[in-house]
$ cat final12.pdb   # PDB, C-alpha atoms
ATOM      1  CA  MET A 153     -20.969 -12.800 -12.874
ATOM      2  CA  GLU A 154     -23.888 -10.737 -11.616
ATOM      3  CA  GLN A 155     -22.899  -7.451 -10.012
ATOM      4  CA  GLU A 156     -23.907  -6.777  -6.427
ATOM      5  CA  MET A 157     -26.383  -3.889  -6.237
ATOM      6  CA  ARG A 158     -27.307  -1.369  -3.551
ATOM      7  CA  THR A 159     -30.661   0.402  -3.566
ATOM      8  CA  PHE A 160     -31.222   3.956  -2.295
ATOM      9  CA  GLY A 161     -34.661   5.136  -1.237
ATOM     10  CA  TYR A 162     -36.078   8.419   0.068
ATOM     11  CA  LEU A 163     -39.260  10.528  -0.018
ATOM     12  CA  CYS A 164     -39.124  13.518  -2.346
ATOM     13  CA  SER A 165     -39.382  16.702  -0.288
ATOM     14  CA  LYS A 166     -41.188  18.458  -3.175
ATOM     15  CA  CYS A 167     -43.782  16.029  -4.588
ATOM     16  CA  GLY A 168     -43.912  13.591  -1.654
ATOM     17  CA  LYS A 169     -43.449  10.452  -3.757
ATOM     18  CA  SER A 170     -41.095   7.644  -2.788
ATOM     19  CA  VAL A 171     -37.930   7.517  -4.904
ATOM     20  CA  MET A 172     -35.832   4.379  -5.390
ATOM     21  CA  GLY A 173     -32.745   3.768  -7.472
ATOM     22  CA  SER A 174     -30.135   1.001  -7.612
ATOM     23  CA  ARG A 175     -26.434   1.271  -8.352
ATOM     24  CA  SER A 176     -23.782  -1.440  -8.540
ATOM     25  CA  VAL A 177     -21.207  -1.661  -5.765
ATOM     26  CA  PHE A 178     -18.523  -1.397  -8.449
ATOM     27  CA  ALA A 179     -19.980   1.905  -9.716
ATOM     28  CA  LEU A 180     -20.277   3.290  -6.184
ATOM     29  CA  GLU A 181     -16.623   2.473  -5.512
ATOM     30  CA  ALA A 182     -15.530   4.070  -8.786
ATOM     31  CA  SER A 183     -17.455   7.347  -8.918
ATOM     32  CA  ASN A 184     -20.143   9.569  -7.436
ATOM     33  CA  ALA A 185     -23.809   8.673  -7.932
ATOM     34  CA  GLU A 186     -27.179  10.401  -8.070
ATOM     35  CA  VAL A 187     -30.767   9.138  -7.661
ATOM     36  CA  GLU A 188     -33.234  11.731  -8.970
ATOM     37  CA  CYS A 189     -36.996  11.957  -8.394
ATOM     38  CA  GLU A 190     -39.048  11.724 -11.581
ATOM     39  CA  CYS A 191     -40.480  15.185 -10.796
ATOM     40  CA  GLY A 192     -36.964  16.563 -11.327
ATOM     41  CA  ALA A 193     -37.030  18.721  -8.200
ATOM     42  CA  THR A 194     -34.823  16.628  -5.900
ATOM     43  CA  ALA A 195     -31.986  14.144  -6.114
ATOM     44  CA  LEU A 196     -30.061  12.058  -3.600
ATOM     45  CA  ARG A 197     -26.303  12.392  -4.155
ATOM     46  CA  VAL A 198     -23.527  10.013  -3.109
ATOM     47  CA  GLU A 199     -19.902  11.216  -3.046
ATOM     48  CA  PHE A 200     -16.841   9.040  -2.308
ATOM     49  CA  ASP A 201     -13.440  10.481  -1.404
ATOM     50  CA  GLY A 202     -11.641   7.131  -1.403
ATOM     51  CA  GLU A 203     -12.203   6.544   2.308
ATOM     52  CA  LEU A 204     -15.704   7.686   3.281
ATOM     53  CA  TYR A 205     -19.051   8.170   1.571
ATOM     54  CA  ARG A 206     -21.066  11.360   1.939
ATOM     55  CA  VAL A 207     -24.767  10.944   1.227
ATOM     56  CA  TYR A 208     -26.844  14.091   0.614
ATOM     57  CA  VAL A 209     -30.522  13.320   1.250
ATOM     58  CA  PRO A 210     -33.512  15.543   0.343
ATOM     59  CA  CYS A 211     -35.631  14.987   3.464
ATOM     60  CA  GLY A 212     -39.310  14.247   2.893
ATOM     61  CA  ILE A 213     -40.009  14.848   6.592
ATOM     62  CA  CYS A 214     -38.617  18.338   7.297
ATOM     63  CA  GLY A 215     -37.973  19.523   3.712
ATOM     64  CA  GLU A 216     -34.263  20.238   4.162
ATOM     65  CA  THR A 217     -31.231  18.369   2.770
ATOM     66  CA  HIS A 218     -29.178  16.306   5.220
ATOM     67  CA  MET A 219     -25.637  14.988   4.852
ATOM     68  CA  ALA A 220     -24.581  11.652   6.356
ATOM     69  CA  VAL A 221     -21.065  10.215   6.449
ATOM     70  CA  CYS A 222     -20.799   6.420   6.025
ATOM     71  CA  THR A 223     -17.963   3.924   5.818
ATOM     72  CA  PRO A 224     -17.794   1.613   2.781
ATOM     73  CA  GLU A 225     -18.753  -1.294   5.068
ATOM     74  CA  GLN A 226     -21.918   0.485   6.213
ATOM     75  CA  LEU A 227     -22.996   1.551   2.735
ATOM     76  CA  LEU A 228     -21.999  -1.410   0.579
ATOM     77  CA  THR A 229     -22.528  -4.505   2.749
ATOM     78  CA  GLY A 230     -25.223  -6.137   4.863
ATOM     79  CA  PRO A 231     -29.024  -5.832   4.634
ATOM     80  CA  GLY A 232     -28.919  -2.052   4.817
ATOM     81  CA  ILE A 233     -28.859   1.107   6.918
ATOM     82  CA  GLY A 234     -31.251   3.949   7.664
ATOM     83  CA  LEU A 235     -30.232   7.615   7.647
ATOM     84  CA  ALA A 236     -32.111   9.910  10.022
ATOM     85  CA  CYS A 237     -33.583  13.391   9.689
ATOM     86  CA  ALA A 238     -31.369  15.726  11.748
ATOM     87  CA  LYS A 239     -34.440  17.586  13.088
ATOM     88  CA  THR A 240     -36.901  14.781  13.943
ATOM     89  CA  LYS A 241     -34.443  11.855  14.348
ATOM     90  CA  GLN A 242     -36.872   9.829  12.192
ATOM     91  CA  PHE A 243     -35.293   7.763   9.398
ATOM     92  CA  CYS A 244     -35.724   9.609   6.095
ATOM     93  CA  CYS A 245     -33.517   7.517   3.776
ATOM     94  CA  TYR A 246     -32.670   3.838   3.407
ATOM     95  CA  VAL A 247     -29.754   2.142   1.676
ATOM     96  CA  GLY A 248     -29.437  -1.608   1.181
ATOM     97  CA  GLN A 249     -31.161  -4.554  -0.442
ATOM     98  CA  GLU A 250     -34.060  -3.576  -2.696
ATOM     99  CA  GLY A 251     -36.790  -5.477  -0.825
ATOM    100  CA  THR A 252     -35.685  -4.091   2.539
ATOM    101  CA  VAL A 253     -35.544  -0.509   1.244
ATOM    102  CA  GLU A 254     -38.983  -0.806  -0.398
ATOM    103  CA  LYS A 255     -40.556  -2.124   2.827
ATOM    104  CA  HIS A 256     -39.104   0.689   4.944
ATOM    105  CA  LEU A 257     -40.128   3.319   2.374
ATOM    106  CA  ARG A 258     -43.748   2.139   2.485
ATOM    107  CA  GLU A 259     -43.744   2.452   6.264
ATOM    108  CA  LEU A 260     -42.202   5.931   5.995
ATOM    109  CA  GLU A 261     -44.870   7.031   3.484
ATOM    110  CA  VAL A 262     -47.632   6.000   5.892
ATOM    111  CA  LEU A 263     -45.906   7.726   8.816
ATOM    112  CA  VAL A 264     -45.538  11.012   6.917
ATOM    113  CA  GLU A 265     -49.163  10.894   5.709
ATOM    114  CA  LYS A 266     -50.325  10.157   9.253
ATOM    115  CA  GLU A 267     -48.406  13.134  10.671
ATOM    116  CA  LYS A 268     -49.854  15.403   7.975
ATOM    117  CA  HIS A 269     -53.371  14.464   9.047
ATOM    118  CA  GLN A 270     -52.748  14.318  12.783
ATOM    119  CA  THR A 271     -55.763  15.311  14.905
ATOM    120  CA  ASP A 272     -56.518  15.599  18.596
ATOM    121  CA  GLU A 273     -58.076  12.127  18.554
ATOM    122  CA  PRO A 274     -56.076   9.456  20.398
ATOM    123  CA  GLU A 275     -56.037   7.373  17.210
ATOM    124  CA  THR A 276     -55.613   9.170  13.910
ATOM    125  CA  PHE A 277     -57.243   6.314  12.013
ATOM    126  CA  ALA A 278     -60.140   4.023  12.919
ATOM    127  CA  ASP A 279     -57.682   1.133  12.521
ATOM    128  CA  ASN A 280     -54.028   1.986  11.902
ATOM    129  CA  VAL A 281     -53.151  -1.473  10.544
ATOM    130  CA  ILE A 282     -56.050  -1.513   8.066
ATOM    131  CA  MET A 283     -55.215   2.020   6.901
ATOM    132  CA  TYR A 284     -51.565   1.016   6.349
ATOM    133  CA  GLU A 285     -52.636  -2.051   4.336
ATOM    134  CA  VAL A 286     -55.155  -0.048   2.284
ATOM    135  CA  LEU A 287     -52.511   2.587   1.425
ATOM    136  CA  SER A 288     -50.056  -0.170   0.453
ATOM    137  CA  GLU A 289     -52.696  -1.812  -1.760
ATOM    138  CA  LEU A 290     -53.539   1.538  -3.393
ATOM    139  CA  LYS A 291     -49.841   2.019  -4.134
ATOM    140  CA  GLU A 292     -49.729  -1.384  -5.868
ATOM    141  CA  ILE A 293     -52.858  -0.610  -7.914
ATOM    142  CA  ALA A 294     -51.432   2.799  -8.891
ATOM    143  CA  ALA A 295     -48.231   1.126 -10.118
ATOM    144  CA  ARG A 296     -50.187  -0.791 -12.780
ATOM    145  CA  GLU A 297     -50.727   0.785 -16.195
ATOM    146  CA  GLN A 298     -53.859   2.960 -15.976
ATOM    147  CA  GLY A 299     -54.243   1.515 -12.453
ATOM    148  CA  ILE A 300     -56.042   4.604 -11.140
ATOM    149  CA  SER A 301     -57.872   6.825 -13.609
ATOM    150  CA  CYS A 302     -60.926   9.058 -13.845
ATOM    151  CA  GLY A 303     -64.007   8.822 -16.031
ATOM    152  CA  CYS A 304     -63.046  12.210 -17.499
ATOM    153  CA  GLY A 305     -59.991  10.557 -19.051
ATOM    154  CA  SER A 306     -57.408  11.931 -16.633
ATOM    155  CA  THR A 307     -54.854   9.805 -14.787
ATOM    156  CA  ARG A 308     -53.793  12.678 -12.491
ATOM    157  CA  TYR A 309     -55.157  12.284  -9.007
ATOM    158  CA  GLY A 310     -54.478  13.094  -5.369
ATOM    159  CA  MET A 311     -55.232  11.334  -2.085
ATOM    160  CA  GLU A 312     -57.110  12.781   0.883
ATOM    161  CA  ILE A 313     -56.640  10.529   3.911
ATOM    162  CA  ARG A 314     -59.434  10.577   6.461
ATOM    163  CA  ARG A 315     -59.999   8.714   9.723
ATOM    164  CA  SER A 316     -61.735   5.714   8.176
ATOM    165  CA  ALA A 317     -61.393   6.223   4.407
ATOM    166  CA  VAL A 318     -59.153   7.436   1.596
ATOM    167  CA  ASP A 319     -60.589   9.777  -1.041
ATOM    168  CA  LEU A 320     -59.066   9.589  -4.522
ATOM    169  CA  VAL A 321     -59.537  13.039  -6.091
ATOM    170  CA  CYS A 322     -59.149  13.727  -9.823
ATOM    171  CA  ARG A 323     -56.802  16.694 -10.248
ATOM    172  CA  ASP A 324     -58.527  17.717 -13.497
ATOM    173  CA  CYS A 325     -62.309  17.508 -12.911
ATOM    174  CA  GLY A 326     -62.380  17.301  -9.086
ATOM    175  CA  ALA A 327     -64.424  14.087  -8.924
ATOM    176  CA  LYS A 328     -63.893  11.845  -5.889
ATOM    177  CA  LEU A 329     -63.888   8.118  -5.198
ATOM    178  CA  ARG A 330     -64.071   7.150  -1.523
ATOM    179  CA  ILE A 331     -62.209   3.982  -0.474
ATOM    180  CA  PRO A 332     -63.385   2.759   2.979
ATOM    181  CA  ALA A 333     -60.408   1.876   5.204
ATOM    182  CA  ALA A 334     -61.668   0.813   8.617
ATOM    183  CA  THR A 335     -62.354  -2.936   8.582
ATOM    184  CA  ASP A 336     -60.978  -6.217   7.221
ATOM    185  CA  ARG A 337     -63.936  -6.259   4.812
ATOM    186  CA  ASP A 338     -62.869  -2.889   3.406
ATOM    187  CA  LEU A 339     -59.389  -4.263   2.727
ATOM    188  CA  ASP A 340     -60.776  -7.470   1.159
ATOM    189  CA  ASP A 341     -63.039  -5.428  -1.128
ATOM    190  CA  LEU A 342     -60.130  -3.269  -2.293
ATOM    191  CA  CYS A 343     -57.907  -6.297  -2.952
ATOM    192  CA  CYS A 344     -60.535  -7.565  -5.451
ATOM    193  CA  HIS A 345     -59.841  -4.586  -7.734
ATOM    194  CA  MET A 346     -57.046  -4.647 -10.295
ATOM    195  CA  LYS A 347     -57.890  -1.062 -11.304
ATOM    196  CA  LEU A 348     -59.883   1.847  -9.871
ATOM    197  CA  VAL A 349     -61.883   4.430 -11.816
ATOM    198  CA  ILE A 350     -62.954   7.721 -10.229
ATOM    199  CA  PRO A 351     -66.531   8.375 -11.491
ATOM    200  CA  GLY A 352     -65.820  11.652 -13.264
ATOM    201  CA  ARG A 353     -67.558  12.936 -16.358
ATOM    202  CA  ARG A 354     -66.200  11.545 -19.595
ATOM    203  CA  GLN A 355     -64.929  14.354 -21.767
ATOM    204  CA  GLU A 356     -66.570  14.909 -25.124
ATOM    205  CA  PRO A 357     -64.266  14.194 -28.069
TER     206      PRO A 357
END
$ encode --input "final12.pdb" --output "structure tokens"
Amino acid sequence: MEQEMRTFGYLCSKCGKSVMGSRSVFALEASNAEVECECGATALRVEFDGELYRVYVPCGICGETHMAVCTPEQLLTGPGIGLACAKTKQFCCYVGQEGTVEKHLRELEVLVEKEKHQTDEPETFADNVIMYEVLSELKEIAAREQGISCGCGSTRYGMEIRRSAVDLVCRDCGAKLRIPAATDRDLDDLCCHMKLVIPGRRQEP
């Protein structure tokens, strides 16, 4: 019989990446659990005292660690719950079914990026919906093997989000690839790419 699973998701307060991990309901009832970011700097911890769960969340919004108290019914059943940042009241952690947690995490990533690049303009992006879709598509491309790389041979890159474009910047040679993100055509063009290569200089062997 397949075990029922619960997925935990949060944004790492150190590297900014989304972190997801699944644990069986049986394991959560039997012992404490931990979901660590691959960067090794943060980890979500779940503790159970036999009656209530305490969830310690590294907050990707304010940078602090928050503690939430949940009943077994809240944590282990239903589609899921969101845990909020104590400072901003914005959800910073999701627990529940994997698909639901992944969807909410994507939305949280976009929200945090948008707040980082907030300007005095009434709209941060030329088209908020297109920018959200472009960022989601870039995340899918990046998840593929060698999905985003540079001509210099590096696979380390960063993103600079602008009003109507996203710049992919190689962390090793500094080369940039601009991805337009303002119109439906921009999104269609991006969706045609299985991989993206930043036009950096190829290193000599």
$ residues_around --input "final12.pdb" --residues "stretch 340-355 of chain A" --least-positions-apart "2" --cutoff "6 Å" --atoms "all atoms listed in the file" --output "VMD selection string"
chain A and resid 299 to 304 327 329 337 to 338
$ write_last_selection --input "final12.pdb" --atoms "C-alpha atoms" --output "CSV table (one decimal), in the frame of the given file"
chain,number,residue,atom,x,y,z
A,299,GLY,CA,-54.2,1.5,-12.5
A,300,ILE,CA,-56.0,4.6,-11.1
A,301,SER,CA,-57.9,6.8,-13.6
A,302,CYS,CA,-60.9,9.1,-13.8
A,303,GLY,CA,-64.0,8.8,-16.0
A,304,CYS,CA,-63.0,12.2,-17.5
A,327,ALA,CA,-64.4,14.1,-8.9
A,329,LEU,CA,-63.9,8.1,-5.2
A,337,ARG,CA,-63.9,-6.3,4.8
A,338,ASP,CA,-62.9,-2.9,3.4
$ residues_around --input "final12.pdb" --residues "A:Ala236" --least-positions-apart "4" --cutoff "12 Å" --atoms "only C-alpha atoms" --output "PyMOL selection string"
chain A and resi 162+207-214+217-221+240-247+260
$ closest_residue --input "final12.pdb" --among "A:Glu181, A:Glu261, A:Asp336, A:Glu188" --to "A:Pro224" --atoms "only C-alpha atoms"
A:Glu181
$ closest_residue --input "final12.pdb" --among "A:Pro231, A:Gly305, A:Gly192, A:Gly168" --to "A:Val264" --atoms "only C-alpha atoms"
A:Gly168
$ atom_distance --input "final12.pdb" --atom1 "atom CA of A:Glu297" --atom2 "atom CA of A:Leu257"
21.5 Å
$ residues_around --input "final12.pdb" --residues "A:Gln249" --least-positions-apart "6" --cutoff "12 Å" --atoms "all atoms listed in the file" --output "ChimeraX atom specification"
/A:156-161,172-177,227-234,255-256
$ residues_around --input "final12.pdb" --residues "A:Ile331" --least-positions-apart "2" --cutoff "7 Å" --atoms "all atoms listed in the file" --output "ChimeraX atom specification"
/A:317-319,329,333
$ closest_residue --input "final12.pdb" --among "A:Val286, A:Leu163, A:Leu339, A:Phe200" --to "A:Val187" --atoms "only C-alpha atoms"
A:Leu163
$ atom_distance --input "final12.pdb" --atom1 "atom CA of A:Ala278" --atom2 "atom CA of A:Cys322"
24.7 Å
$ atom_distance --input "final12.pdb" --atom1 "atom CA of A:Met311" --atom2 "atom CA of A:Ala238"
27.9 Å
$ closest_residue --input "final12.pdb" --among "A:Leu287, A:Gly215, A:Glu292, A:Ser170" --to "A:Leu320" --atoms "only C-alpha atoms"
A:Leu287
$ residues_around --input "final12.pdb" --residues "A:Glu190" --least-positions-apart "4" --cutoff "10 Å" --atoms "only C-alpha atoms" --output "PyMOL selection string"
chain A and resi 164+167+169-171+194-195
$ axis_aligned_box --input "final12.pdb" --around "stretch 319-324 of chain A" --padding-each-side "8 Å" --output "AutoDock Vina command-line options"
--center_x -58.7 --center_y 13.7 --center_z -7.3 --size_x 19.8 --size_y 24.1 --size_z 28.5
$ closest_residue --input "final12.pdb" --among "A:Glu186, A:Lys266, A:Gln155, A:Ser306" --to "A:Asp324" --atoms "all atoms listed in the file"
A:Ser306
